[in-house]
Each structure stands twice: as structure tokens, then as C-alpha cells.
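Enquirer: Data file entry-v9.csv (CSV, C-alpha atoms) is appended below.
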```
chain,number,residue,atom,x,y,z
A,1,MET,CA,84.4,77.3,94.4
A,2,GLN,CA,84.7,81.0,94.8
A,3,PHE,CA,87.5,83.3,93.7
A,4,SER,CA,88.1,84.1,97.4
A,5,LYS,CA,89.4,80.5,97.8
A,6,LEU,CA,92.1,80.9,95.2
A,7,GLY,CA,94.5,83.1,97.2
A,8,LEU,CA,93.8,86.4,95.5
A,9,CYS,CA,94.0,89.6,97.6
A,10,GLN,CA,90.9,91.6,98.6
A,11,ASN,CA,91.7,94.4,96.0
A,12,LEU,CA,91.6,91.8,93.1
A,13,GLN,CA,88.4,90.3,94.6
A,14,GLN,CA,86.8,93.7,94.7
A,15,ALA,CA,87.6,94.1,90.9
A,16,LEU,CA,86.3,90.7,90.2
A,17,LYS,CA,83.0,91.5,91.9
A,18,LYS,CA,82.7,94.8,90.2
A,19,ASN,CA,83.1,93.1,86.8
A,20,ALA,CA,80.6,90.3,87.7
A,21,TYR,CA,83.2,87.5,88.1
A,22,PHE,CA,81.9,85.4,90.9
A,23,THR,CA,82.8,81.8,90.2
A,24,PRO,CA,86.1,80.8,88.5
A,25,THR,CA,85.9,78.7,85.3
A,26,PRO,CA,87.5,75.3,85.5
A,27,ILE,CA,90.7,76.6,83.8
A,28,GLN,CA,90.9,79.5,86.3
A,29,GLU,CA,90.4,77.1,89.2
A,30,LYS,CA,93.3,74.9,88.1
A,31,VAL,CA,95.7,77.4,86.7
A,32,ILE,CA,95.6,80.4,89.2
A,33,PRO,CA,96.9,78.4,92.2
A,34,LEU,CA,99.7,76.9,90.0
A,35,ILE,CA,100.9,80.4,88.8
A,36,LEU,CA,100.7,81.7,92.4
A,37,GLN,CA,103.0,78.8,93.4
A,38,ASN,CA,105.5,80.0,90.7
A,39,HIS,CA,105.1,77.0,88.4
A,40,ASP,CA,105.7,77.2,84.7
A,41,ILE,CA,102.6,76.0,82.9
A,42,LEU,CA,101.5,74.7,79.5
A,43,VAL,CA,97.7,74.9,79.2
A,44,LYS,CA,95.4,73.7,76.5
A,45,ALA,CA,92.3,75.9,76.7
A,46,GLN,CA,89.7,76.8,74.1
A,47,THR,CA,88.7,80.4,73.4
A,48,GLY,CA,86.1,81.5,75.8
A,49,SER,CA,87.3,79.3,78.7
A,50,GLY,CA,88.5,82.2,80.8
A,51,LYS,CA,92.2,81.7,80.1
A,52,THR,CA,93.1,85.4,80.0
A,53,ALA,CA,91.9,86.0,83.5
A,54,SER,CA,93.6,82.8,84.6
A,55,PHE,CA,97.0,84.4,84.0
A,56,VAL,CA,96.2,88.1,84.4
A,57,LEU,CA,94.9,87.6,88.0
A,58,PRO,CA,97.9,85.7,89.5
A,59,ILE,CA,100.4,88.0,87.7
A,60,LEU,CA,98.6,91.0,89.2
A,61,GLU,CA,98.6,89.3,92.6
A,62,HIS,CA,102.3,88.8,92.4
A,63,LEU,CA,102.9,92.4,91.3
A,64,ALA,CA,100.6,93.7,94.1
A,65,LYS,CA,102.9,92.3,96.7
A,66,ASN,CA,105.3,95.1,96.0
A,67,THR,CA,103.4,98.0,97.7
A,68,LYS,CA,106.3,100.5,97.2
A,69,LYS,CA,105.9,102.9,94.3
A,70,GLU,CA,109.0,102.5,92.3
A,71,LYS,CA,110.1,103.2,88.8
A,72,ALA,CA,108.2,100.8,86.5
A,73,LYS,CA,110.3,98.0,85.1
A,74,LYS,CA,109.1,95.6,82.4
A,75,LYS,CA,108.2,92.6,84.5
A,76,VAL,CA,105.6,91.0,82.3
A,77,LEU,CA,105.7,90.2,78.5
A,78,VAL,CA,102.6,88.8,76.9
A,79,LEU,CA,102.8,87.8,73.3
A,80,THR,CA,99.6,87.2,71.2
A,81,PRO,CA,99.0,86.4,67.5
A,82,THR,CA,96.6,89.3,66.8
A,83,ARG,CA,95.9,93.0,67.4
A,84,GLU,CA,92.5,92.2,68.8
A,85,LEU,CA,93.8,89.8,71.3
A,86,THR,CA,96.6,92.1,72.3
A,87,ILE,CA,94.1,94.9,73.0
A,88,GLN,CA,91.8,92.5,74.9
A,89,VAL,CA,94.6,91.2,77.1
A,90,ALA,CA,95.9,94.7,77.9
A,91,GLN,CA,92.3,95.8,78.8
A,92,THR,CA,91.9,92.8,81.1
A,93,PHE,CA,95.0,93.9,83.0
A,94,THR,CA,93.7,97.4,83.3
A,95,THR,CA,90.2,96.2,84.4
A,96,PHE,CA,91.5,94.0,87.2
A,97,TYR,CA,94.2,96.3,88.7
A,98,GLU,CA,91.7,99.1,89.4
A,99,PHE,CA,91.7,98.7,93.1
A,100,LEU,CA,95.4,97.8,93.6
A,101,PRO,CA,97.2,100.3,95.8
A,102,VAL,CA,100.0,100.6,93.2
A,103,LYS,CA,98.8,100.8,89.6
A,104,GLN,CA,100.6,98.8,87.0
A,105,LYS,CA,101.4,100.6,83.8
A,106,VAL,CA,100.3,98.5,80.8
A,107,ILE,CA,101.4,99.2,77.2
A,108,SER,CA,100.4,97.4,74.0
A,109,ILE,CA,102.4,97.0,70.9
A,110,ILE,CA,100.6,96.2,67.7
A,111,GLY,CA,101.1,96.3,64.0
A,112,GLY,CA,99.5,99.1,61.9
A,113,GLU,CA,101.3,101.8,63.9
A,114,ARG,CA,104.6,103.4,63.0
A,115,ILE,CA,107.6,101.4,64.2
A,116,GLY,CA,109.2,104.6,65.7
A,117,ASN,CA,106.1,105.1,67.9
A,118,GLN,CA,106.2,101.5,69.0
A,119,ILE,CA,109.9,101.7,70.0
A,120,TYR,CA,109.2,104.9,71.9
A,121,LYS,CA,106.4,103.2,73.8
A,122,THR,CA,108.6,100.3,74.8
A,123,GLN,CA,111.3,102.7,76.0
A,124,GLN,CA,108.8,104.4,78.4
A,125,ASP,CA,108.3,103.1,82.0
A,126,SER,CA,105.9,100.2,82.1
A,127,ASP,CA,105.3,97.1,84.1
A,128,ILE,CA,103.4,95.0,81.6
A,129,LEU,CA,104.0,94.8,77.9
A,130,VAL,CA,101.4,93.1,75.7
A,131,ALA,CA,102.3,92.7,72.1
A,132,THR,CA,101.6,90.9,68.9
A,133,SER,CA,104.5,88.5,68.3
A,134,GLU,CA,105.4,89.9,64.9
A,135,ARG,CA,105.5,93.5,65.9
A,136,PHE,CA,107.4,92.7,69.1
A,137,LEU,CA,110.1,91.0,67.0
A,138,ASP,CA,110.3,94.2,64.9
A,139,VAL,CA,110.8,96.3,68.0
A,140,LEU,CA,113.2,93.8,69.6
A,141,ASN,CA,115.4,93.7,66.4
A,142,LYS,CA,116.0,97.5,66.9
A,143,LYS,CA,117.7,96.7,70.2
A,144,GLN,CA,116.0,99.5,72.0
A,145,THR,CA,114.0,97.5,74.6
A,146,ASN,CA,115.4,96.5,78.0
A,147,LEU,CA,113.8,93.3,79.4
A,148,LYS,CA,116.4,92.5,82.1
A,149,ASN,CA,113.7,92.7,84.9
A,150,LEU,CA,111.3,90.4,83.2
A,151,GLU,CA,109.6,88.0,85.6
A,152,PHE,CA,106.7,86.6,83.5
A,153,PHE,CA,106.7,85.4,79.9
A,154,VAL,CA,103.3,84.6,78.5
A,155,LEU,CA,102.5,83.1,75.1
A,156,ASP,CA,98.7,83.4,74.5
A,157,GLU,CA,97.2,81.3,71.7
A,158,ALA,CA,100.6,79.9,71.1
A,159,ASP,CA,99.3,77.4,68.5
A,160,LYS,CA,98.3,80.3,66.2
A,161,MET,CA,101.7,81.9,66.6
A,162,PHE,CA,103.5,78.7,65.6
A,163,ASP,CA,101.1,78.3,62.7
A,164,PHE,CA,102.3,81.7,61.5
A,165,GLY,CA,105.9,80.6,61.5
A,166,PHE,CA,106.8,81.9,65.0
A,167,ALA,CA,108.9,78.9,66.0
A,168,GLU,CA,112.0,80.3,64.3
A,169,GLU,CA,111.7,83.7,65.9
A,170,LEU,CA,111.1,82.4,69.4
A,171,ASP,CA,114.8,81.7,69.9
A,172,ASN,CA,115.6,85.4,69.4
A,173,ILE,CA,113.0,86.4,72.0
A,174,LEU,CA,114.3,83.8,74.5
A,175,LYS,CA,117.9,85.1,74.1
A,176,ALA,CA,116.6,88.7,74.9
A,177,ILE,CA,114.9,87.8,78.1
A,178,PRO,CA,116.3,86.6,81.5
A,179,LYS,CA,116.7,82.9,81.8
A,180,LYS,CA,115.1,83.0,85.3
A,181,ARG,CA,111.4,83.8,84.7
A,182,GLN,CA,108.0,82.2,84.9
A,183,ASN,CA,106.8,80.8,81.6
A,184,LEU,CA,103.0,80.6,80.9
A,185,LEU,CA,102.0,79.1,77.6
A,186,PHE,CA,98.3,78.9,76.5
A,187,SER,CA,97.2,77.1,73.4
A,188,ALA,CA,93.9,75.8,72.0
A,189,THR,CA,95.9,72.8,70.6
A,190,TYR,CA,99.3,71.3,71.1
A,191,PRO,CA,101.0,71.9,67.7
A,192,LEU,CA,103.7,69.5,66.6
A,193,LYS,CA,106.1,72.4,66.2
A,194,MET,CA,106.2,73.1,70.0
```
Show how you would write the structure in this file as C-alpha cells.
Expert:
Amino acid sequence: MQFSKLGLCQNLQQALKKNAYFTPTPIQEKVIPLILQNHDILVKAQTGSGKTASFVLPILEHLAKNTKKEKAKKKVLVLTPTRELTIQVAQTFTTFYEFLPVKQKVISIIGGERIGNQIYKTQQDSDILVATSERFLDVLNKKQTNLKNLEFFVLDEADKMFDFGFAEELDNILKAIPKKRQNLLFSATYPLKM
């Protein structure tokens, strides 16, 4: 199967070709259509299976349907367990939106930076927020972030987050985001805590 068969727009297909993505991985082939059909998903996928593109591409497809340039609203929240993965996911969004008519503003929130700078970043206009779970909770606890327009909530490598004691904090995040949203959870294992 080719990416062209998965229902992605020509602009995303152009970015895929430019970055030498020609054939979807098995996880991308299964997950992309489900996300495009607005399903919540729980995916068990090992590192290196192509899971990041499997949620980035359909999210960008959804956002690309709004061709009007409007003030950015935080529509996507992706939480990861590490700085490195946060940076990688944010870069993947940036790589694939290159040819979209309306660029999506992506910000990343990671530890190791001053909390004041992180809060300032979350207050700026952005469409996509990618953050380490721990630092996002720090920012969220300051009550300076508006997530009322959130459409997608992604937990990437959720098993690692739960191993780090994230289960107790998840309730606080769920209370801060709209009840109506699409939930995408990716994990290498299915931990008992979930």
C-alpha cells in the first residue's frame, strides 16, 4: 500500500515524498485511517515502528481542512516522557506541515528551562503543544494555559509515563481539557496501571 491510499491530502503526500516516506509501516497503515475517522485509539507499538508519523499525519490532515488563517488555538496536546522525544515529535509536525497552505504553529515544553519562559510559551498563539508530561503539569498547575479548544490529546510512550508515576497526575490534566476530544494513546506495552 502507498500513502496515497490512506486519505492524506496532496500537500502531506508531497512532504512525505520529500522526506523519503513512500510506503507506510504496518502501524501507520492501520492507525492513520482510524484517526481520520475520528476514533479514539490505544496502540501497542515498539520504538521504531513509525508511530509518531501515524498520529502526526492524520492530525495535520484534520487541521489542514481549515484553510482560513485564523488566530492559533491550542488544538493538539501531545505528552511524552522525555525531552528527546518531545523535540522529535515537535520536529515531525514541522517537517510534515511544510507544504500545507496554513502553517501550524508548534511549541515544545520541556524541563531544563525556566518555568517562567515555559509559561510564556504556552500563553503564545500555537496550534500544537508538545510537552514532557512532568513539565506540562508544572505549567498547568500555574493555571496560565487555556486548553478549551483542544481537539486531540495524545499520550506517546504512555507506558513510560505511567512507570514514572504519571497515573496520579493524569486526572489533573483530564480535568483541564475538554471532555469532547479525540484520544490517542501509544505504548510499547500495556501497563497494569492503565
Enquirer: Select, from A:Thr92, A:Gln104, A:Ser187, A:Thr80, the residue with the minimum atom-to-atom distance to Arg135 of chain A, counting all atoms listed in the file.
Expert: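 Closest residue, counting all atoms listed in the file: A:Thr80.
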Enquirer: Determine the nearest neighbour of Lys65 of chain A from the options A:Gln28, A:Glu98, A:Leu36, A:Leu170, counting only C-alpha atoms.
Expert: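 When distances to Lys65 of chain A are compared using only C-alpha atoms, the smallest one comes from A:Leu36.
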Enquirer: Ranking A:Asn172, A:Gln123, A:Asn19, A:Ser108 by minimum distance to Lys73 of chain A and counting all atoms listed in the file, which one comes first?
Expert: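 Result for the nearest residue to Lys73 of chain A: A:Gln123.
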Enquirer: Could you give me, as a PDB file with C-alpha atoms, in the coordinates of the input, the residues within 8 Å of Ile119 of chain A, counting all atoms listed in the file and dropping anything in the same chain fewer than 6 positions from it?
Expert:
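Saved the output as part.pdb:
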```pdb
ATOM      1  CA  VAL A 139     110.800  96.300  68.000  1.00  0.00           C
ATOM      2  CA  GLN A 144     116.000  99.500  72.000  1.00  0.00           C
ATOM      3  CA  THR A 145     114.000  97.500  74.600  1.00  0.00           C
TER       4      THR A 145
END
```
Enquirer: Let me make sure I understand: among A:Gly50, A:Pro33, A:Pro81, A:Pro58, which one has the smallest atom-to-atom distance to Leu12 of chain A if we use only C-alpha atoms?
Expert: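 Once distances to Leu12 of chain A are computed over only C-alpha atoms, the minimum belongs to A:Pro58.
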Enquirer: Please, what distance in Å, to one decimal, runs between atom CA of Ile115 of chain A and atom CA of Lys180 of chain A?
Expert: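 A separation of 29.0 Å between them.
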Enquirer: List the spatial neighbours of Thr52 of chain A as a PyMOL selection string - criterion: any atom at most 9 Å away, only C-alpha atoms, same-chain residues fewer than 4 positions off excluded.
Expert: chain A and resi 28+56-57+88-89+92+156
Enquirer: Could you check the closest approach to Pro178 of chain A for each of A:Leu77, A:Ile109, A:Ala158, A:Ile128 and tell me which residue wins, using only C-alpha atoms?
Expert: A:Leu77
Enquirer: Could you check which residues have any atom within 12 Å of (99.7, 78.0, 85.0), counting only C-alpha atoms with coordinates taken straight from the file, and then list them as a PyMOL selection string?
Expert: chain A and resi 27-45+51-59+152-156+182-187
Enquirer: I need the residues from that last selection saved to file as a PDB file, in the frame of the given file (with C-alpha atoms), if you can.
Expert:
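Generated file (out.pdb):
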```
ATOM      1  CA  ILE A  27      90.700  76.600  83.800  1.00  0.00           C
ATOM      2  CA  GLN A  28      90.900  79.500  86.300  1.00  0.00           C
ATOM      3  CA  GLU A  29      90.400  77.100  89.200  1.00  0.00           C
ATOM      4  CA  LYS A  30      93.300  74.900  88.100  1.00  0.00           C
ATOM      5  CA  VAL A  31      95.700  77.400  86.700  1.00  0.00           C
ATOM      6  CA  ILE A  32      95.600  80.400  89.200  1.00  0.00           C
ATOM      7  CA  PRO A  33      96.900  78.400  92.200  1.00  0.00           C
ATOM      8  CA  LEU A  34      99.700  76.900  90.000  1.00  0.00           C
ATOM      9  CA  ILE A  35     100.900  80.400  88.800  1.00  0.00           C
ATOM     10  CA  LEU A  36     100.700  81.700  92.400  1.00  0.00           C
ATOM     11  CA  GLN A  37     103.000  78.800  93.400  1.00  0.00           C
ATOM     12  CA  ASN A  38     105.500  80.000  90.700  1.00  0.00           C
ATOM     13  CA  HIS A  39     105.100  77.000  88.400  1.00  0.00           C
ATOM     14  CA  ASP A  40     105.700  77.200  84.700  1.00  0.00           C
ATOM     15  CA  ILE A  41     102.600  76.000  82.900  1.00  0.00           C
ATOM     16  CA  LEU A  42     101.500  74.700  79.500  1.00  0.00           C
ATOM     17  CA  VAL A  43      97.700  74.900  79.200  1.00  0.00           C
ATOM     18  CA  LYS A  44      95.400  73.700  76.500  1.00  0.00           C
ATOM     19  CA  ALA A  45      92.300  75.900  76.700  1.00  0.00           C
ATOM     20  CA  LYS A  51      92.200  81.700  80.100  1.00  0.00           C
ATOM     21  CA  THR A  52      93.100  85.400  80.000  1.00  0.00           C
ATOM     22  CA  ALA A  53      91.900  86.000  83.500  1.00  0.00           C
ATOM     23  CA  SER A  54      93.600  82.800  84.600  1.00  0.00           C
ATOM     24  CA  PHE A  55      97.000  84.400  84.000  1.00  0.00           C
ATOM     25  CA  VAL A  56      96.200  88.100  84.400  1.00  0.00           C
ATOM     26  CA  LEU A  57      94.900  87.600  88.000  1.00  0.00           C
ATOM     27  CA  PRO A  58      97.900  85.700  89.500  1.00  0.00           C
ATOM     28  CA  ILE A  59     100.400  88.000  87.700  1.00  0.00           C
ATOM     29  CA  PHE A 152     106.700  86.600  83.500  1.00  0.00           C
ATOM     30  CA  PHE A 153     106.700  85.400  79.900  1.00  0.00           C
ATOM     31  CA  VAL A 154     103.300  84.600  78.500  1.00  0.00           C
ATOM     32  CA  LEU A 155     102.500  83.100  75.100  1.00  0.00           C
ATOM     33  CA  ASP A 156      98.700  83.400  74.500  1.00  0.00           C
ATOM     34  CA  GLN A 182     108.000  82.200  84.900  1.00  0.00           C
ATOM     35  CA  ASN A 183     106.800  80.800  81.600  1.00  0.00           C
ATOM     36  CA  LEU A 184     103.000  80.600  80.900  1.00  0.00           C
ATOM     37  CA  LEU A 185     102.000  79.100  77.600  1.00  0.00           C
ATOM     38  CA  PHE A 186      98.300  78.900  76.500  1.00  0.00           C
ATOM     39  CA  SER A 187      97.200  77.100  73.400  1.00  0.00           C
TER      40      SER A 187
END
```
Enquirer: In Å to one decimal, how far is atom CA of Gly111 of chain A from atom CA of Asp159 of chain A?
Expert: 19.5 Å
Enquirer: In Å to one decimal, how far is atom CA of Asn149 of chain A from atom CA of Lys75 of chain A?
Expert: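 Straight-line distance from atom CA of Lys75 of chain A to atom CA of Asn149 of chain A works out to 5.5 Å.
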